[in-house]
$ cat coords-v7.pdb   # PDB, C-alpha atoms
ATOM      1  CA  MET V 894      58.643 160.128 101.738
ATOM      2  CA  ARG V 895      58.963 163.313  99.702
ATOM      3  CA  ALA V 896      56.354 164.210  97.093
ATOM      4  CA  ARG V 897      56.882 166.689  94.258
ATOM      5  CA  VAL V 898      53.712 167.890  92.612
ATOM      6  CA  PHE V 899      53.576 169.751  89.292
ATOM      7  CA  ILE V 900      50.417 171.627  88.408
ATOM      8  CA  THR V 901      49.987 173.089  84.946
ATOM      9  CA  PRO V 902      47.164 174.816  83.079
ATOM     10  CA  LYS V 903      45.218 172.361  80.914
ATOM     11  CA  LYS V 904      45.790 172.586  77.182
ATOM     12  CA  GLY V 905      43.338 175.067  75.715
ATOM     13  CA  VAL V 906      42.915 177.006  78.954
ATOM     14  CA  LEU V 907      44.067 180.617  78.752
ATOM     15  CA  ASP V 908      47.394 181.158  80.526
ATOM     16  CA  PRO V 909      47.763 184.926  80.840
ATOM     17  CA  GLN V 910      50.654 184.608  83.317
ATOM     18  CA  GLY V 911      52.550 182.453  80.842
ATOM     19  CA  LYS V 912      51.898 184.992  78.087
ATOM     20  CA  ALA V 913      53.098 187.828  80.324
ATOM     21  CA  VAL V 914      56.314 185.973  81.164
ATOM     22  CA  GLU V 915      56.862 185.218  77.472
ATOM     23  CA  ARG V 916      56.470 188.896  76.570
ATOM     24  CA  SER V 917      58.859 189.899  79.338
ATOM     25  CA  LEU V 918      61.438 187.350  78.166
ATOM     26  CA  HIS V 919      61.214 188.743  74.624
ATOM     27  CA  ALA V 920      61.548 192.296  75.956
ATOM     28  CA  LEU V 921      64.743 191.224  77.740
ATOM     29  CA  GLY V 922      66.163 189.832  74.496
ATOM     30  CA  PHE V 923      65.322 186.153  74.932
ATOM     31  CA  ALA V 924      63.703 185.879  71.510
ATOM     32  CA  GLU V 925      64.196 182.093  71.476
ATOM     33  CA  ALA V 926      61.699 181.534  74.314
ATOM     34  CA  HIS V 927      58.292 180.320  73.179
ATOM     35  CA  ASP V 928      55.216 178.519  74.419
ATOM     36  CA  VAL V 929      55.756 179.583  78.044
ATOM     37  CA  HIS V 930      53.419 178.043  80.611
ATOM     38  CA  LEU V 931      53.308 178.902  84.252
ATOM     39  CA  GLY V 932      52.250 176.417  86.866
ATOM     40  CA  LYS V 933      52.730 175.539  90.493
ATOM     41  CA  TYR V 934      55.338 173.335  92.078
ATOM     42  CA  ILE V 935      54.635 171.871  95.508
ATOM     43  CA  GLU V 936      56.987 169.841  97.666
ATOM     44  CA  LEU V 937      55.750 168.027 100.755
ATOM     45  CA  SER V 938      56.676 165.210 103.090
ATOM     46  CA  ILE V 939      54.312 162.291 103.611
ATOM     47  CA  GLU V 940      54.839 160.620 106.969
ATOM     48  CA  GLY V 941      54.244 156.912 107.519
ATOM     49  CA  GLY V 942      52.626 154.372 105.209
ATOM     50  CA  ASP V 943      54.154 152.608 102.244
ATOM     51  CA  ARG V 944      54.705 153.851  98.730
ATOM     52  CA  ALA V 945      51.341 152.678  97.388
ATOM     53  CA  GLN V 946      49.530 154.475 100.175
ATOM     54  CA  ALA V 947      51.587 157.656  99.716
ATOM     55  CA  GLU V 948      50.736 157.571  96.014
ATOM     56  CA  ARG V 949      47.029 157.168  96.676
ATOM     57  CA  ARG V 950      46.992 159.898  99.317
ATOM     58  CA  THR V 951      49.013 162.365  97.226
ATOM     59  CA  ASP V 952      46.659 161.811  94.311
ATOM     60  CA  GLU V 953      43.746 162.520  96.641
ATOM     61  CA  MET V 954      45.413 165.729  97.907
ATOM     62  CA  CYS V 955      45.862 166.896  94.318
ATOM     63  CA  ARG V 956      42.236 166.224  93.439
ATOM     64  CA  ARG V 957      40.768 167.702  96.599
ATOM     65  CA  LEU V 958      42.965 170.730  97.203
ATOM     66  CA  LEU V 959      46.168 171.273  95.297
ATOM     67  CA  ALA V 960      44.901 171.299  91.706
ATOM     68  CA  ASN V 961      41.733 172.725  90.225
ATOM     69  CA  GLY V 962      40.577 169.850  88.023
ATOM     70  CA  VAL V 963      38.519 172.118  85.768
ATOM     71  CA  ILE V 964      41.461 174.125  84.487
ATOM     72  CA  GLU V 965      44.602 172.374  85.731
ATOM     73  CA  ASP V 966      46.432 169.108  85.183
ATOM     74  CA  TYR V 967      48.678 167.597  87.796
ATOM     75  CA  ARG V 968      51.365 164.967  88.066
ATOM     76  CA  PHE V 969      53.625 164.002  90.926
ATOM     77  CA  GLU V 970      56.765 162.070  91.802
ATOM     78  CA  LEU V 971      57.546 160.291  95.058
ATOM     79  CA  GLN V 972      61.026 159.906  96.448
ATOM     80  CA  ASP V 973      62.057 157.838  99.464
TER      81      ASP V 973
ATOM     82  CA  MET U 412      64.218 172.054  73.195
ATOM     83  CA  ARG U 413      61.848 172.067  76.164
ATOM     84  CA  ALA U 414      62.945 173.574  79.489
ATOM     85  CA  ARG U 415      61.289 172.846  82.832
ATOM     86  CA  VAL U 416      62.121 175.329  85.554
ATOM     87  CA  PHE U 417      61.434 174.763  89.263
ATOM     88  CA  ILE U 418      61.489 177.751  91.578
ATOM     89  CA  THR U 419      61.314 177.252  95.328
ATOM     90  CA  PRO U 420      61.594 179.528  98.360
ATOM     91  CA  LYS U 421      65.120 179.501  99.792
ATOM     92  CA  LYS U 422      65.605 177.629 103.038
ATOM     93  CA  GLY U 423      64.954 179.997 105.931
ATOM     94  CA  VAL U 424      62.689 182.280 103.940
ATOM     95  CA  LEU U 425      59.124 182.435 105.249
ATOM     96  CA  ASP U 426      56.711 180.481 103.068
ATOM     97  CA  PRO U 427      53.242 181.568 104.179
ATOM     98  CA  GLN U 428      51.584 179.970 101.138
ATOM     99  CA  GLY U 429      53.175 176.631 102.003
ATOM    100  CA  LYS U 430      51.990 176.969 105.602
ATOM    101  CA  ALA U 431      48.467 177.794 104.441
ATOM    102  CA  VAL U 432      48.366 174.753 102.152
ATOM    103  CA  GLU U 433      49.690 172.564 104.981
ATOM    104  CA  ARG U 434      46.955 173.796 107.322
ATOM    105  CA  SER U 435      44.307 173.193 104.672
ATOM    106  CA  LEU U 436      45.600 169.660 104.074
ATOM    107  CA  HIS U 437      45.404 168.931 107.797
ATOM    108  CA  ALA U 438      41.894 170.376 107.939
ATOM    109  CA  LEU U 439      40.896 168.000 105.132
ATOM    110  CA  GLY U 440      42.248 165.033 107.074
ATOM    111  CA  PHE U 441      45.668 164.672 105.465
ATOM    112  CA  ALA U 442      47.493 164.600 108.797
ATOM    113  CA  GLU U 443      50.501 162.882 107.207
ATOM    114  CA  ALA U 444      51.412 165.941 105.111
ATOM    115  CA  HIS U 445      54.291 168.001 106.493
ATOM    116  CA  ASP U 446      56.913 170.488 105.462
ATOM    117  CA  VAL U 447      54.861 171.820 102.541
ATOM    118  CA  HIS U 448      56.590 174.309 100.262
ATOM    119  CA  LEU U 449      55.006 176.125  97.398
ATOM    120  CA  GLY U 450      56.956 177.211  94.381
ATOM    121  CA  LYS U 451      56.584 177.926  90.700
ATOM    122  CA  TYR U 452      56.869 175.575  87.767
ATOM    123  CA  ILE U 453      57.585 177.027  84.344
ATOM    124  CA  GLU U 454      57.702 175.176  81.039
ATOM    125  CA  LEU U 455      59.036 176.828  77.911
ATOM    126  CA  SER U 456      60.432 176.008  74.498
ATOM    127  CA  ILE U 457      63.867 177.225  73.468
ATOM    128  CA  GLU U 458      64.216 177.539  69.718
ATOM    129  CA  GLY U 459      67.513 177.006  67.908
ATOM    130  CA  GLY U 460      70.996 176.607  69.350
ATOM    131  CA  ASP U 461      72.559 173.545  70.900
ATOM    132  CA  ARG U 462      72.121 172.108  74.351
ATOM    133  CA  ALA U 463      74.999 174.053  75.928
ATOM    134  CA  GLN U 464      73.583 177.315  74.629
ATOM    135  CA  ALA U 465      70.058 176.454  75.774
ATOM    136  CA  GLU U 466      71.442 175.697  79.224
ATOM    137  CA  ARG U 467      73.308 178.983  79.407
ATOM    138  CA  ARG U 468      70.322 180.987  78.174
ATOM    139  CA  THR U 469      67.830 179.283  80.473
ATOM    140  CA  ASP U 470      70.104 179.951  83.430
ATOM    141  CA  GLU U 471      70.250 183.598  82.366
ATOM    142  CA  MET U 472      66.425 183.752  82.106
ATOM    143  CA  CYS U 473      66.142 182.374  85.626
ATOM    144  CA  ARG U 474      68.580 184.887  87.040
ATOM    145  CA  ARG U 475      67.198 187.891  85.195
ATOM    146  CA  LEU U 476      63.463 187.280  85.320
ATOM    147  CA  LEU U 477      62.003 183.974  86.419
ATOM    148  CA  ALA U 478      63.475 183.656  89.921
ATOM    149  CA  ASN U 479      64.069 186.270  92.585
ATOM    150  CA  GLY U 480      67.599 185.402  93.694
ATOM    151  CA  VAL U 481      67.159 187.049  97.091
ATOM    152  CA  ILE U 482      64.423 184.717  98.277
ATOM    153  CA  GLU U 483      64.179 181.930  95.698
ATOM    154  CA  ASP U 484      66.277 179.028  94.442
ATOM    155  CA  TYR U 485      65.890 177.624  90.960
ATOM    156  CA  ARG U 486      66.847 174.548  89.017
ATOM    157  CA  PHE U 487      65.915 173.402  85.536
ATOM    158  CA  GLU U 488      65.906 170.415  83.212
ATOM    159  CA  LEU U 489      66.262 170.422  79.440
ATOM    160  CA  GLN U 490      64.652 167.857  77.186
ATOM    161  CA  ASP U 491      65.184 167.450  73.432
TER     162      ASP U 491
END

$ encode --input "coords-v7.pdb" --output "structure tokens"
Amino acid sequence: MRARVFITPKKGVLDPQGKAVERSLHALGFAEAHDVHLGKYIELSIEGGDRAQAERRTDEMCRRLLANGVIEDYRFELQD
Amino acid sequence: MRARVFITPKKGVLDPQGKAVERSLHALGFAEAHDVHLGKYIELSIEGGDRAQAERRTDEMCRRLLANGVIEDYRFELQD
């Protein structure tokens, strides 16, 4: 099973990377770009187990390692 | 319109961050995690214009700034 994890800065947390990308986009002439947020995207394979187990384990991976719960939100999708 | 951009290392390009995350997952007891790849996830708002234009402009942003075409692939989704 393939898991896709999206990690984004929590609302209200400073996102200096996002701001820097937004400024660079404007400097390149993309004036229509706004509210840019930069996060992480992680793809991984989960071997064995059923969907419910993969979901539980992926959630645990996010909480224990992949995302920093203080400043980041996460969500993930599973695909057979 | 909201754009979600996913940037991943191209197949065959070394992904040391992905390898490091995979090792850490194994060390934490997540032996079922394999083939971990780390990429970037970018959310931004595109103001004005129709969907076709937003698609063209987002593609241009990816090529010119967000992704490094030599070592990274990108794809994106648009949402009204």

$ resolve_selection --input "coords-v7.pdb" --expression "the PyMOL selection byres ((chain U) within 6 of (chain V))" --output "VMD selection string"
chain U and resid 443 to 458

$ residues_around --input "coords-v7.pdb" --residues "Leu907 (chain V)" --least-positions-apart "5" --cutoff "10 Å" --atoms "all atoms listed in the file" --output "PDB file with C-alpha atoms, keeping the file's coordinate frame"
ATOM      1  CA  PRO V 902      47.164 174.816  83.079  1.00  0.00           C
ATOM      2  CA  LYS V 912      51.898 184.992  78.087  1.00  0.00           C
ATOM      3  CA  HIS V 930      53.419 178.043  80.611  1.00  0.00           C
ATOM      4  CA  ILE V 964      41.461 174.125  84.487  1.00  0.00           C
TER       5      ILE V 964
END

$ axis_aligned_box --input "coords-v7.pdb" --around "region 937-952 of chain V" --padding-each-side "3 Å" --output "lines of an AutoDock Vina configuration file"
center_x = 51.7
center_y = 160.3
center_z = 100.9
size_x = 16.0
size_y = 21.4
size_z = 19.2

$ atom_distance --input "coords-v7.pdb" --atom1 "CA of Arg462 (chain U)" --atom2 "CA of Gly905 (chain V)"
29.0 Å

$ atom_distance --input "coords-v7.pdb" --atom1 "CA of Gln972 (chain V)" --atom2 "CA of Arg486 (chain U)"
17.4 Å

$ atom_distance --input "coords-v7.pdb" --atom1 "CA of Glu483 (chain U)" --atom2 "CA of Asn961 (chain V)"
24.9 Å

$ closest_residue --input "coords-v7.pdb" --among "U:Ala431, U:Asp426, U:Ala478, U:Leu489" --to "Asp461 (chain U)" --atoms "all atoms listed in the file"
U:Leu489

$ closest_residue --input "coords-v7.pdb" --among "V:Asp973, V:Glu948, V:Cys955, V:Gly962" --to "Val906 (chain V)" --atoms "all atoms listed in the file"
V:Gly962

$ build_atoms --input "coords-v7.pdb" --residues "region 910-921 of chain V" --atoms "all heavy atoms" --output "mmCIF file, in the coordinates of the input"
data_model
loop_
_atom_site.group_PDB
_atom_site.id
_atom_site.type_symbol
_atom_site.label_atom_id
_atom_site.label_comp_id
_atom_site.auth_asym_id
_atom_site.auth_seq_id
_atom_site.Cartn_x
_atom_site.Cartn_y
_atom_site.Cartn_z
ATOM 1 N N GLN V 910 49.360 184.448 82.644
ATOM 2 C CA GLN V 910 50.654 184.608 83.317
ATOM 3 C C GLN V 910 51.786 184.129 82.414
ATOM 4 O O GLN V 910 52.829 184.753 82.317
ATOM 5 C CB GLN V 910 50.676 183.785 84.604
ATOM 6 C CG GLN V 910 49.916 184.383 85.754
ATOM 7 C CD GLN V 910 50.182 183.582 87.027
ATOM 8 O OE1 GLN V 910 49.842 182.398 87.097
ATOM 9 N NE2 GLN V 910 50.788 184.203 88.012
ATOM 10 N N GLY V 911 51.546 182.985 81.767
ATOM 11 C CA GLY V 911 52.550 182.453 80.842
ATOM 12 C C GLY V 911 52.825 183.425 79.714
ATOM 13 O O GLY V 911 53.976 183.676 79.340
ATOM 14 N N LYS V 912 51.752 184.019 79.181
ATOM 15 C CA LYS V 912 51.898 184.992 78.087
ATOM 16 C C LYS V 912 52.689 186.208 78.556
ATOM 17 O O LYS V 912 53.528 186.746 77.829
ATOM 18 C CB LYS V 912 50.513 185.441 77.595
ATOM 19 C CG LYS V 912 49.807 184.410 76.738
ATOM 20 C CD LYS V 912 50.375 184.385 75.326
ATOM 21 C CE LYS V 912 49.912 183.162 74.532
ATOM 22 N NZ LYS V 912 50.939 182.596 73.674
ATOM 23 N N ALA V 913 52.405 186.643 79.789
ATOM 24 C CA ALA V 913 53.098 187.828 80.324
ATOM 25 C C ALA V 913 54.589 187.542 80.489
ATOM 26 O O ALA V 913 55.441 188.376 80.160
ATOM 27 C CB ALA V 913 52.474 188.232 81.663
ATOM 28 N N VAL V 914 54.904 186.332 80.994
ATOM 29 C CA VAL V 914 56.314 185.973 81.164
ATOM 30 C C VAL V 914 56.995 185.894 79.805
ATOM 31 O O VAL V 914 58.126 186.360 79.618
ATOM 32 C CB VAL V 914 56.442 184.631 81.933
ATOM 33 C CG1 VAL V 914 57.860 184.120 81.891
ATOM 34 C CG2 VAL V 914 55.992 184.807 83.380
ATOM 35 N N GLU V 915 56.290 185.327 78.818
ATOM 36 C CA GLU V 915 56.862 185.218 77.472
ATOM 37 C C GLU V 915 57.175 186.608 76.904
ATOM 38 O O GLU V 915 58.260 186.842 76.368
ATOM 39 C CB GLU V 915 55.884 184.459 76.562
ATOM 40 C CG GLU V 915 56.467 184.147 75.191
ATOM 41 C CD GLU V 915 55.615 183.156 74.399
ATOM 42 O OE1 GLU V 915 54.947 182.295 75.020
ATOM 43 O OE2 GLU V 915 55.617 183.237 73.168
ATOM 44 N N ARG V 916 56.241 187.526 77.065
ATOM 45 C CA ARG V 916 56.470 188.896 76.570
ATOM 46 C C ARG V 916 57.656 189.535 77.269
ATOM 47 O O ARG V 916 58.479 190.204 76.650
ATOM 48 C CB ARG V 916 55.211 189.759 76.773
ATOM 49 C CG ARG V 916 54.261 189.717 75.574
ATOM 50 C CD ARG V 916 53.257 190.872 75.643
ATOM 51 N NE ARG V 916 52.518 190.841 76.909
ATOM 52 C CZ ARG V 916 51.376 190.169 77.091
ATOM 53 N NH1 ARG V 916 50.826 189.499 76.098
ATOM 54 N NH2 ARG V 916 50.771 190.175 78.260
ATOM 55 N N SER V 917 57.743 189.316 78.588
ATOM 56 C CA SER V 917 58.859 189.899 79.338
ATOM 57 C C SER V 917 60.192 189.302 78.892
ATOM 58 O O SER V 917 61.198 190.012 78.795
ATOM 59 C CB SER V 917 58.685 189.663 80.836
ATOM 60 O OG SER V 917 57.485 190.255 81.281
ATOM 61 N N LEU V 918 60.205 187.989 78.641
ATOM 62 C CA LEU V 918 61.438 187.350 78.166
ATOM 63 C C LEU V 918 61.858 187.955 76.822
ATOM 64 O O LEU V 918 63.033 188.267 76.611
ATOM 65 C CB LEU V 918 61.247 185.836 78.029
ATOM 66 C CG LEU V 918 61.241 185.053 79.353
ATOM 67 C CD1 LEU V 918 60.824 183.600 79.118
ATOM 68 C CD2 LEU V 918 62.608 185.095 80.037
ATOM 69 N N HIS V 919 60.888 188.150 75.918
ATOM 70 C CA HIS V 919 61.214 188.743 74.624
ATOM 71 C C HIS V 919 61.754 190.159 74.805
ATOM 72 O O HIS V 919 62.716 190.556 74.165
ATOM 73 C CB HIS V 919 59.983 188.746 73.714
ATOM 74 C CG HIS V 919 59.574 187.369 73.279
ATOM 75 N ND1 HIS V 919 58.439 187.109 72.565
ATOM 76 C CD2 HIS V 919 60.160 186.151 73.488
ATOM 77 C CE1 HIS V 919 58.334 185.796 72.331
ATOM 78 N NE2 HIS V 919 59.364 185.203 72.892
ATOM 79 N N ALA V 920 61.116 190.916 75.716
ATOM 80 C CA ALA V 920 61.548 192.296 75.956
ATOM 81 C C ALA V 920 62.974 192.334 76.492
ATOM 82 O O ALA V 920 63.719 193.294 76.266
ATOM 83 C CB ALA V 920 60.592 192.984 76.937
ATOM 84 N N LEU V 921 63.383 191.281 77.196
ATOM 85 C CA LEU V 921 64.743 191.224 77.740
ATOM 86 C C LEU V 921 65.742 190.654 76.730
ATOM 87 O O LEU V 921 66.927 190.483 77.044
ATOM 88 C CB LEU V 921 64.771 190.353 79.009
ATOM 89 C CG LEU V 921 64.156 190.979 80.268
ATOM 90 C CD1 LEU V 921 64.044 189.935 81.380
ATOM 91 C CD2 LEU V 921 65.008 192.154 80.740
#
